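So this one's run-v9.tsv, TSV, C-alpha atoms:
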chain	number	residue	atom	x	y	z
A	1	MET	CA	-21.83	-18.79	4.84
A	2	ASN	CA	-18.03	-19.00	4.69
A	3	VAL	CA	-17.66	-16.15	2.18
A	4	HIS	CA	-17.06	-12.75	3.78
A	5	VAL	CA	-16.55	-10.68	0.59
A	6	ASP	CA	-17.95	-11.72	-2.77
A	7	LEU	CA	-17.45	-9.63	-5.91
A	8	ARG	CA	-19.47	-10.76	-8.89
A	9	ASN	CA	-18.51	-9.43	-12.32
A	10	VAL	CA	-17.68	-5.99	-10.89
A	11	SER	CA	-16.71	-3.22	-13.31
A	12	LYS	CA	-15.99	0.46	-12.74
A	13	GLU	CA	-15.56	3.36	-15.15
A	14	PHE	CA	-14.42	6.92	-14.45
A	15	HIS	CA	-15.43	9.40	-17.17
A	16	GLY	CA	-15.35	6.68	-19.81
A	17	LYS	CA	-12.05	5.18	-18.63
A	18	VAL	CA	-12.23	1.57	-17.45
A	19	ALA	CA	-10.71	1.08	-14.00
A	20	LEU	CA	-12.11	-2.39	-13.30
A	21	GLU	CA	-13.54	-4.92	-15.74
A	22	GLY	CA	-15.45	-8.05	-14.82
A	23	VAL	CA	-13.77	-8.68	-11.47
A	24	ASN	CA	-14.79	-11.83	-9.61
A	25	LEU	CA	-13.29	-12.45	-6.19
A	26	SER	CA	-14.45	-14.47	-3.18
A	27	VAL	CA	-12.73	-13.92	0.17
A	28	HIS	CA	-13.54	-16.26	3.04
A	29	TYR	CA	-13.82	-15.27	6.68
A	30	GLY	CA	-10.38	-15.07	8.31
A	31	ASP	CA	-8.51	-15.07	4.99
A	32	PHE	CA	-5.59	-12.76	4.17
A	33	VAL	CA	-5.61	-11.81	0.49
A	34	ALA	CA	-2.98	-9.68	-1.24
A	35	LEU	CA	-3.75	-7.69	-4.39
A	36	VAL	CA	-0.61	-7.47	-6.52
A	37	GLY	CA	-0.21	-5.57	-9.76
A	38	PRO	CA	1.37	-2.53	-11.42
A	39	ASN	CA	0.18	1.01	-10.83
A	40	GLY	CA	-3.10	1.57	-12.62
A	41	ALA	CA	-4.13	-2.08	-12.35
A	42	GLY	CA	-7.18	-1.14	-10.26
A	43	LYS	CA	-6.09	-2.25	-6.78
A	44	THR	CA	-7.09	0.96	-4.97
A	45	THR	CA	-10.39	1.22	-6.85
A	46	LEU	CA	-11.19	-2.36	-5.88
A	47	LEU	CA	-10.49	-1.63	-2.21
A	48	ARG	CA	-12.68	1.48	-2.29
A	49	ILE	CA	-15.55	-0.49	-3.80
A	50	ILE	CA	-15.27	-3.14	-1.07
A	51	ASP	CA	-15.21	-0.32	1.50
A	52	LEU	CA	-18.44	1.04	-0.08
A	53	LEU	CA	-16.75	4.35	-0.89
A	54	GLU	CA	-17.28	3.78	-4.62
A	55	GLU	CA	-20.29	2.25	-6.35
A	56	PRO	CA	-19.45	-0.16	-9.17
A	57	SER	CA	-20.67	0.76	-12.66
A	58	SER	CA	-21.96	-2.81	-12.96
A	59	GLY	CA	-21.81	-6.09	-11.08
A	60	GLU	CA	-22.63	-7.04	-7.52
A	61	VAL	CA	-20.90	-6.63	-4.17
A	62	TRP	CA	-21.87	-9.03	-1.39
A	63	LEU	CA	-20.74	-8.61	2.21
A	64	ASP	CA	-21.67	-11.17	4.87
A	65	CYS	CA	-23.87	-12.93	2.32
A	66	VAL	CA	-25.92	-9.76	1.78
A	67	LYS	CA	-26.06	-8.00	-1.59
A	68	ILE	CA	-25.16	-4.32	-1.19
A	69	ASP	CA	-27.85	-1.88	-2.23
A	70	TYR	CA	-26.07	1.44	-2.80
A	71	SER	CA	-29.33	3.37	-2.55
A	72	ARG	CA	-29.55	2.54	1.16
A	73	ARG	CA	-29.13	5.50	3.48
A	74	ASP	CA	-27.47	3.41	6.18
A	75	LEU	CA	-24.38	2.26	4.28
A	76	HIS	CA	-22.32	4.01	6.96
A	77	LEU	CA	-23.62	1.46	9.45
A	78	ILE	CA	-22.38	-1.41	7.29
A	79	ARG	CA	-19.00	0.31	7.00
A	80	ARG	CA	-18.62	0.21	10.78
A	81	ASP	CA	-17.55	-3.43	10.41
A	82	ILE	CA	-14.86	-2.40	7.90
A	83	GLY	CA	-11.52	-0.76	8.64
A	84	PHE	CA	-9.61	1.00	5.85
A	85	VAL	CA	-5.98	2.10	5.93
A	86	PRO	CA	-5.10	4.30	2.90
A	87	GLN	CA	-1.62	4.51	1.46
A	88	LYS	CA	-1.23	8.05	2.78
A	89	PRO	CA	-2.66	8.63	6.28
A	90	ILE	CA	-5.65	10.96	6.53
A	91	LEU	CA	-5.22	12.65	9.90
A	92	PHE	CA	-6.74	15.68	11.62
A	93	ASN	CA	-4.66	18.58	12.88
A	94	ALA	CA	-5.26	17.33	16.41
A	95	SER	CA	-3.76	15.05	19.03
A	96	VAL	CA	-3.11	11.37	18.41
A	97	PHE	CA	-5.79	10.59	21.00
A	98	ASP	CA	-8.43	12.69	19.23
A	99	ASN	CA	-7.56	11.16	15.85
A	100	VAL	CA	-7.94	7.62	17.11
A	101	ALA	CA	-10.95	8.36	19.32
A	102	TYR	CA	-12.97	10.16	16.64
A	103	GLY	CA	-14.63	7.06	15.18
A	104	LEU	CA	-15.59	5.80	18.63
A	105	LYS	CA	-17.09	9.12	19.68
A	106	ILE	CA	-19.38	9.37	16.65
A	107	ARG	CA	-20.61	5.88	17.56
A	108	GLY	CA	-21.71	7.29	20.91
A	109	LEU	CA	-19.39	5.33	23.21
A	110	LYS	CA	-18.92	6.55	26.77
A	111	ASP	CA	-15.78	8.57	27.50
A	112	SER	CA	-14.42	5.91	29.82
A	113	GLU	CA	-14.81	3.22	27.15
A	114	VAL	CA	-13.22	5.47	24.52
A	115	ARG	CA	-10.19	6.08	26.73
A	116	MET	CA	-9.81	2.37	27.42
A	117	LYS	CA	-10.03	1.35	23.75
A	118	VAL	CA	-7.65	4.11	22.59
A	119	LYS	CA	-5.12	3.22	25.27
A	120	ARG	CA	-5.22	-0.44	24.30
A	121	ILE	CA	-4.86	0.19	20.55
A	122	LEU	CA	-1.99	2.67	20.97
A	123	GLU	CA	-0.15	0.03	22.99
A	124	LEU	CA	-0.75	-2.42	20.16
A	125	VAL	CA	0.81	-0.10	17.55
A	126	GLN	CA	3.59	0.83	20.02
A	127	LEU	CA	2.59	4.48	20.36
A	128	GLU	CA	1.85	4.53	24.06
A	129	GLY	CA	2.73	7.97	25.46
A	130	PHE	CA	1.89	9.67	22.13
A	131	GLU	CA	-1.70	10.54	23.11
A	132	GLY	CA	-1.08	14.28	23.48
A	133	LYS	CA	1.20	14.75	20.47
A	134	ASN	CA	-0.05	16.43	17.30
A	135	ALA	CA	-0.61	13.67	14.75
A	136	LEU	CA	0.58	15.83	11.85
A	137	ARG	CA	3.98	16.39	13.48
A	138	LEU	CA	4.91	12.71	13.70
A	139	SER	CA	7.27	10.82	11.41
A	140	GLY	CA	5.86	9.02	8.38
A	141	GLY	CA	6.06	5.65	10.13
A	142	GLU	CA	4.37	6.97	13.26
A	143	MET	CA	1.60	8.60	11.22
A	144	GLN	CA	0.92	5.33	9.43
A	145	ARG	CA	0.66	3.54	12.76
A	146	VAL	CA	-1.86	6.16	13.90
A	147	SER	CA	-3.80	5.47	10.69
A	148	LEU	CA	-3.74	1.74	11.48
A	149	ALA	CA	-4.90	2.49	15.04
A	150	GLN	CA	-7.82	4.51	13.62
A	151	ALA	CA	-8.90	1.50	11.60
A	152	LEU	CA	-8.43	-1.09	14.35
A	153	VAL	CA	-9.82	0.74	17.37
A	154	SER	CA	-13.42	-0.18	16.43
A	155	GLU	CA	-12.43	-3.85	16.09
A	156	PRO	CA	-13.54	-4.33	12.45
A	157	ARG	CA	-14.20	-7.81	11.14
A	158	LEU	CA	-12.84	-6.79	7.71
A	159	LEU	CA	-9.62	-4.77	7.28
A	160	LEU	CA	-8.59	-3.20	3.96
A	161	LEU	CA	-5.09	-1.81	3.43
A	162	ASP	CA	-3.58	0.09	0.51
A	163	GLU	CA	0.22	-0.27	0.48
A	164	PRO	CA	0.39	-0.16	4.32
A	165	THR	CA	4.21	-0.18	4.60
A	166	SER	CA	5.14	1.72	1.46
A	167	ASN	CA	8.16	3.98	2.04
A	168	LEU	CA	8.23	3.36	5.82
A	169	ASP	CA	11.25	2.94	8.05
A	170	PRO	CA	12.07	-0.73	8.77
A	171	ARG	CA	10.90	-0.54	12.41
A	172	SER	CA	7.47	0.84	11.58
A	173	ALA	CA	7.06	-1.61	8.70
A	174	SER	CA	7.98	-4.51	10.99
A	175	ILE	CA	5.51	-3.35	13.68
A	176	ILE	CA	2.67	-3.07	11.16
A	177	GLU	CA	3.42	-6.47	9.61
A	178	SER	CA	3.49	-8.14	13.04
A	179	ILE	CA	0.14	-6.56	13.99
A	180	LEU	CA	-1.47	-7.69	10.73
A	181	MET	CA	-0.23	-11.22	11.18
A	182	ASP	CA	-1.49	-11.32	14.76
A	183	ILE	CA	-4.99	-9.94	14.19
A	184	ASN	CA	-5.48	-12.20	11.18
A	185	ARG	CA	-4.25	-15.45	12.70
A	186	ARG	CA	-5.36	-14.93	16.28
A	187	GLY	CA	-8.19	-12.48	15.94
A	188	LYS	CA	-9.49	-14.07	12.71
A	189	THR	CA	-9.88	-10.65	11.08
A	190	THR	CA	-10.36	-10.88	7.32
A	191	ILE	CA	-7.69	-8.80	5.56
A	192	ILE	CA	-7.40	-7.63	1.96
A	193	MET	CA	-4.17	-5.76	1.22
A	194	ALA	CA	-2.79	-4.09	-1.90
A	195	SER	CA	0.99	-4.26	-1.97
A	196	HIS	CA	4.03	-3.95	-4.21
A	197	ASN	CA	6.25	-5.54	-1.56
A	198	LEU	CA	6.46	-9.17	-2.62
A	199	GLN	CA	8.50	-10.09	0.44
A	200	GLU	CA	5.71	-8.71	2.61
A	201	VAL	CA	3.08	-10.53	0.56
A	202	ARG	CA	4.98	-13.80	0.88
A	203	GLY	CA	5.22	-13.45	4.66
A	204	LEU	CA	1.63	-12.37	5.34
A	205	ALA	CA	-0.91	-13.32	2.71
A	206	LYS	CA	-2.55	-16.73	2.45
A	207	HIS	CA	-3.86	-16.01	-1.03
A	208	THR	CA	-2.75	-13.59	-3.75
A	209	ALA	CA	-4.68	-12.09	-6.66
A	210	ILE	CA	-2.68	-10.77	-9.60
A	211	MET	CA	-4.27	-7.70	-11.20
A	212	ARG	CA	-3.57	-6.17	-14.57
A	213	CYS	CA	-5.48	-3.55	-16.56
A	214	GLY	CA	-8.45	-3.63	-14.21
A	215	LYS	CA	-8.81	-7.40	-14.22
A	216	ILE	CA	-7.87	-10.22	-11.86
A	217	VAL	CA	-5.84	-12.45	-14.13
A	218	ARG	CA	-4.77	-15.03	-11.58
A	219	VAL	CA	-5.63	-15.93	-7.99
A	220	GLY	CA	-4.47	-18.72	-5.71
A	221	GLN	CA	-2.31	-19.67	-2.76
A	222	THR	CA	0.49	-17.14	-2.27
A	223	ASP	CA	3.35	-19.64	-2.18
A	224	GLU	CA	2.28	-21.22	-5.46
A	225	ILE	CA	1.90	-17.91	-7.29
A	226	LEU	CA	5.11	-16.26	-6.04
A	227	ALA	CA	7.20	-19.42	-6.40
A	228	SER	CA	6.75	-19.47	-10.14
A	229	LEU	CA	7.58	-15.79	-10.81
A	230	LYS	CA	6.45	-16.19	-14.37
A	231	ASP	CA	3.58	-15.33	-16.66
A	232	ASP	CA	1.44	-12.56	-15.11
A	233	LEU	CA	3.69	-11.95	-12.10
A	234	GLN	CA	6.81	-11.76	-14.21
A	235	GLU	CA	5.14	-9.20	-16.45
A	236	TYR	CA	4.19	-7.22	-13.34
A	237	THR	CA	7.72	-7.20	-11.97
A	238	ARG	CA	9.19	-5.93	-15.22
A	239	LEU	CA	7.10	-2.80	-14.88
A	240	GLU	CA	7.95	-1.72	-11.39
A	241	ASN	CA	11.60	-0.71	-10.88
A	242	ILE	CA	12.97	-4.24	-10.55
A	243	PHE	CA	16.76	-4.58	-10.51
A	244	GLN	CA	19.13	-7.50	-10.08
A	245	GLY	CA	22.59	-7.15	-8.61
A	246	PHE	CA	25.04	-8.20	-5.93
A	247	ALA	CA	24.65	-6.98	-2.33
A	248	ARG	CA	27.44	-6.30	0.15
A	249	PRO	CA	26.79	-5.21	3.75
A	250	THR	CA	28.30	-2.00	5.11
A	251	GLU	CA	29.51	-1.17	8.62
A	252	HIS	CA	26.46	1.09	9.05
A	253	GLY	CA	23.89	-1.73	8.97
A	254	THR	CA	22.93	-1.15	5.35
A	255	SER	CA	23.88	-2.83	2.09
A	256	ILE	CA	25.29	-1.51	-1.16
A	257	ILE	CA	23.76	-3.26	-4.14
A	258	GLU	CA	25.74	-3.09	-7.35
A	259	VAL	CA	23.17	-3.44	-10.09
A	260	ASP	CA	24.25	-5.30	-13.21
A	261	GLY	CA	26.34	-2.77	-15.08
A	262	GLY	CA	27.54	-0.73	-12.11
A	263	LEU	CA	24.76	1.42	-10.61
A	264	LYS	CA	25.08	1.33	-6.81
A	265	ILE	CA	21.95	1.45	-4.64
A	266	GLU	CA	21.97	1.60	-0.84
A	267	ALA	CA	19.34	-0.41	1.07
A	268	ALA	CA	18.33	-0.43	4.75
A	269	PHE	CA	19.03	-4.13	5.30
A	270	THR	CA	22.13	-6.32	5.45
A	271	ARG	CA	22.56	-8.96	2.80
A	272	PHE	CA	25.45	-10.57	0.95
A	273	GLY	CA	25.17	-12.19	-2.44
A	274	PRO	CA	22.97	-12.08	-5.54
A	275	ILE	CA	19.74	-10.21	-5.00
A	276	ARG	CA	16.64	-8.88	-6.73
A	277	ILE	CA	15.19	-5.59	-5.47
A	278	HIS	CA	12.19	-3.38	-6.06
A	279	ILE	CA	11.70	0.36	-5.49
A	280	PRO	CA	8.01	1.42	-5.44
A	281	PRO	CA	7.37	4.28	-7.91
A	282	GLU	CA	5.53	6.33	-5.28
A	283	SER	CA	8.56	6.23	-2.94
A	284	ILE	CA	10.85	8.02	-5.43
A	285	ALA	CA	11.01	11.82	-5.54
A	286	ILE	CA	11.88	13.91	-8.58
A	287	LEU	CA	14.07	16.96	-7.95
A	288	ALA	CA	14.74	19.83	-10.33
A	289	GLU	CA	18.25	20.14	-8.89
A	290	LYS	CA	20.48	18.28	-6.46
A	291	VAL	CA	19.70	19.38	-2.92
A	292	ALA	CA	20.53	18.22	0.59
A	293	THR	CA	18.19	15.37	1.58
A	294	SER	CA	18.04	12.42	3.96
A	295	ALA	CA	17.62	10.07	0.98
A	296	ARG	CA	20.62	7.77	0.60
A	297	ASN	CA	20.11	7.33	-3.13
A	298	ILE	CA	20.33	10.34	-5.46
A	299	PHE	CA	20.87	9.97	-9.20
A	300	LYS	CA	20.89	12.32	-12.15
A	301	GLY	CA	18.79	11.31	-15.13
A	302	GLU	CA	16.65	12.35	-18.06
A	303	ILE	CA	12.89	12.02	-18.55
A	304	PHE	CA	12.21	9.67	-21.45
A	305	GLU	CA	8.55	8.79	-20.89
A	306	MET	CA	5.39	10.28	-19.35
A	307	THR	CA	2.19	8.26	-18.96
A	308	ASN	CA	-1.09	9.94	-18.02
A	309	LEU	CA	-3.04	7.95	-15.39
A	310	GLY	CA	-5.57	10.65	-14.56
A	311	ASN	CA	-4.69	12.43	-11.31
A	312	VAL	CA	-1.14	11.07	-11.40
A	313	ILE	CA	1.53	10.81	-14.06
A	314	ASN	CA	4.01	7.96	-14.33
A	315	VAL	CA	7.33	9.59	-15.22
A	316	GLY	CA	10.08	7.44	-16.72
A	317	VAL	CA	13.61	8.61	-15.90
A	318	LYS	CA	16.72	7.04	-17.41
A	319	VAL	CA	19.77	7.16	-15.12
A	320	GLU	CA	23.29	6.94	-16.57
A	321	SER	CA	21.69	6.41	-20.00
A	322	GLU	CA	20.89	2.81	-19.04
A	323	TYR	CA	18.81	2.31	-15.89
A	324	GLU	CA	15.11	3.06	-16.21
A	325	PHE	CA	13.09	4.19	-13.19
A	326	THR	CA	9.34	4.79	-13.03
A	327	ILE	CA	8.23	7.54	-10.64
A	328	GLN	CA	4.63	8.35	-9.72
A	329	VAL	CA	4.02	12.11	-9.63
A	330	THR	CA	0.84	14.12	-9.17
A	331	ARG	CA	-0.36	16.12	-12.14
A	332	LYS	CA	0.03	19.32	-10.09
A	333	SER	CA	3.70	18.55	-9.35
A	334	VAL	CA	4.35	17.86	-13.04
A	335	GLU	CA	2.93	21.26	-13.92
A	336	GLU	CA	4.69	23.14	-11.12
A	337	MET	CA	8.09	21.59	-11.93
A	338	GLY	CA	7.63	21.96	-15.67
A	339	LEU	CA	8.46	18.31	-16.25
A	340	SER	CA	8.67	17.29	-19.89
A	341	LEU	CA	10.35	14.76	-22.14
A	342	GLY	CA	14.10	15.27	-22.35
A	343	LYS	CA	14.31	17.35	-19.15
A	344	GLN	CA	17.31	16.71	-16.89
A	345	VAL	CA	16.26	15.90	-13.32
A	346	TYR	CA	17.45	14.15	-10.17
A	347	ILE	CA	15.66	11.24	-8.54
A	348	ALA	CA	15.96	10.43	-4.84
A	349	PHE	CA	14.74	7.62	-2.61
A	350	LYS	CA	15.48	6.38	0.89
A	351	ALA	CA	17.40	3.21	1.65
A	352	SER	CA	14.27	1.97	3.46
A	353	SER	CA	12.35	2.15	0.16
A	354	VAL	CA	14.43	-0.65	-1.35
A	355	LYS	CA	12.59	-3.97	-1.01
A	356	ILE	CA	13.80	-7.54	-1.54
A	357	ILE	CA	11.70	-9.73	-3.84
What do you get writing this file as structure tokens?
Amino acid sequence: MNVHVDLRNVSKEFHGKVALEGVNLSVHYGDFVALVGPNGAGKTTLLRIIDLLEEPSSGEVWLDCVKIDYSRRDLHLIRRDIGFVPQKPILFNASVFDNVAYGLKIRGLKDSEVRMKVKRILELVQLEGFEGKNALRLSGGEMQRVSLAQALVSEPRLLLLDEPTSNLDPRSASIIESILMDINRRGKTTIIMASHNLQEVRGLAKHTAIMRCGKIVRVGQTDEILASLKDDLQEYTRLENIFQGFARPTEHGTSIIEVDGGLKIEAAFTRFGPIRIHIPPESIAILAEKVATSARNIFKGEIFEMTNLGNVINVGVKVESEYEFTIQVTRKSVEEMGLSLGKQVYIAFKASSVKII
């Protein structure tokens, strides 16, 4: 009775392409599990299966000690105990209040109860006073906090998150991390989170599962797995824009990191000394030409690799003929920009996208 989520030999294929293969994972009530792995490892697919948005091609999904029958017409009732926060917020063109209240209203709650719950959850995500603002006109960090409020307002017993702080400003990321820690350790909410941010994983997750090529290749206590930084995890880090260098703080509250060889990257934290950093592929933009942007890091490079992952393309760009960056781009953007091997482009990313690992 202690197991909240139990995946038994779960596999998933999309049009003949294997996304998950033989995944076994048991998550106990009140646990905080991080899914770590390179893009395409199957983290998002796994979360969607747990959220009952995708049916596995084979294997069994058990929630609350009950085997899920995907032919049931009331799966939506089971999902009411699950909150899901996608990597990119899915918001209506409506007020913050209406976005957060929507799930409560379709459950038939009284207006007075809806107002009370929305007020309380907006205070939790530090968006009090935002009720009347249009959700689509907020900053990225504010929109992600609205997305978190949408998931938490119904008080789910299981919370699923897909890269919840990816490419957010430090304040919003800190708020979200504090909320997750609090609801897990005080509220006993079970949390499963996909993340590239190893510093975040180290600070939040009790257990970590390493994923690669649709499989869970290692799972255990977070400290033990991250302390070693070898084998599966080391292979993961080599794939995902990992750089080593020396950091020096600036007078503006940032740091300039001189990567081995001379490339200088600005980060939105202050640190002095040797450092290892990571820039998530989805937080880097590709530009056809150099334009004015708020991004603190802009580099000219050349496309040397393009990997088809279905709806997205991983584009490899070599900067200064030496430093290799992987950028995740939608297929539509690749076509519209005419991206191809050998093409000269610019890459840009914010200082807040640079993570310590």
Quiz item: Contacts of stretch 321-334 of chain A at 9 Å or less, counting all atoms listed in the file, minus same-chain residues fewer than 4 places along, as a PyMOL selection string?
Solution: chain A and resi 39+239-243+261+263+279-286+301-302+304-305+308+310-317+338-340+347
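Candidate residues A:Asn24, A:Ala34, A:Ser112, A:Phe130 were compared for distance to A:Leu204, and the nearest is A:Ala34, using all atoms listed in the file.
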Distance table requested - stretch 124-171 of chain A against stretch 176-179 of chain A, cut-off 8 Å, only C-alpha atoms: one row per qualifying residue with the closest atom pair and its distance in Å to one decimal, ordered by chain and rising residue number, as a Markdown table.
| residue | atom | partner | partner_atom | distance |
| --- | --- | --- | --- | --- |
| A:Leu124 | CA | A:Ile179 | CA | 7.5 |
| A:Val125 | CA | A:Ile176 | CA | 7.3 |
| A:Arg145 | CA | A:Ile176 | CA | 7.1 |
| A:Pro164 | CA | A:Ile176 | CA | 7.8 |
| A:Thr165 | CA | A:Ile176 | CA | 7.3 |
Keeping only C-alpha atoms, write those residues as a short mmCIF file (atom, residue, chain, number, x, y, z; two decimals), in the coordinates of the input.
data_model
loop_
_atom_site.label_atom_id
_atom_site.label_comp_id
_atom_site.auth_asym_id
_atom_site.auth_seq_id
_atom_site.Cartn_x
_atom_site.Cartn_y
_atom_site.Cartn_z
CA LEU A 124 -0.75 -2.42 20.16
CA VAL A 125 0.81 -0.10 17.55
CA ARG A 145 0.66 3.54 12.76
CA PRO A 164 0.39 -0.16 4.32
CA THR A 165 4.21 -0.18 4.60
#
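The coordinates place atom CA of A:Val201 at 25.1 Å from atom CA of A:Asp64.
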Practice problem: Counting only C-alpha atoms, figure out which residue out of A:Asp260, A:Glu155, A:Glu131, A:Glu113 gets nearest to A:Ile82. | Solution: A:Glu155
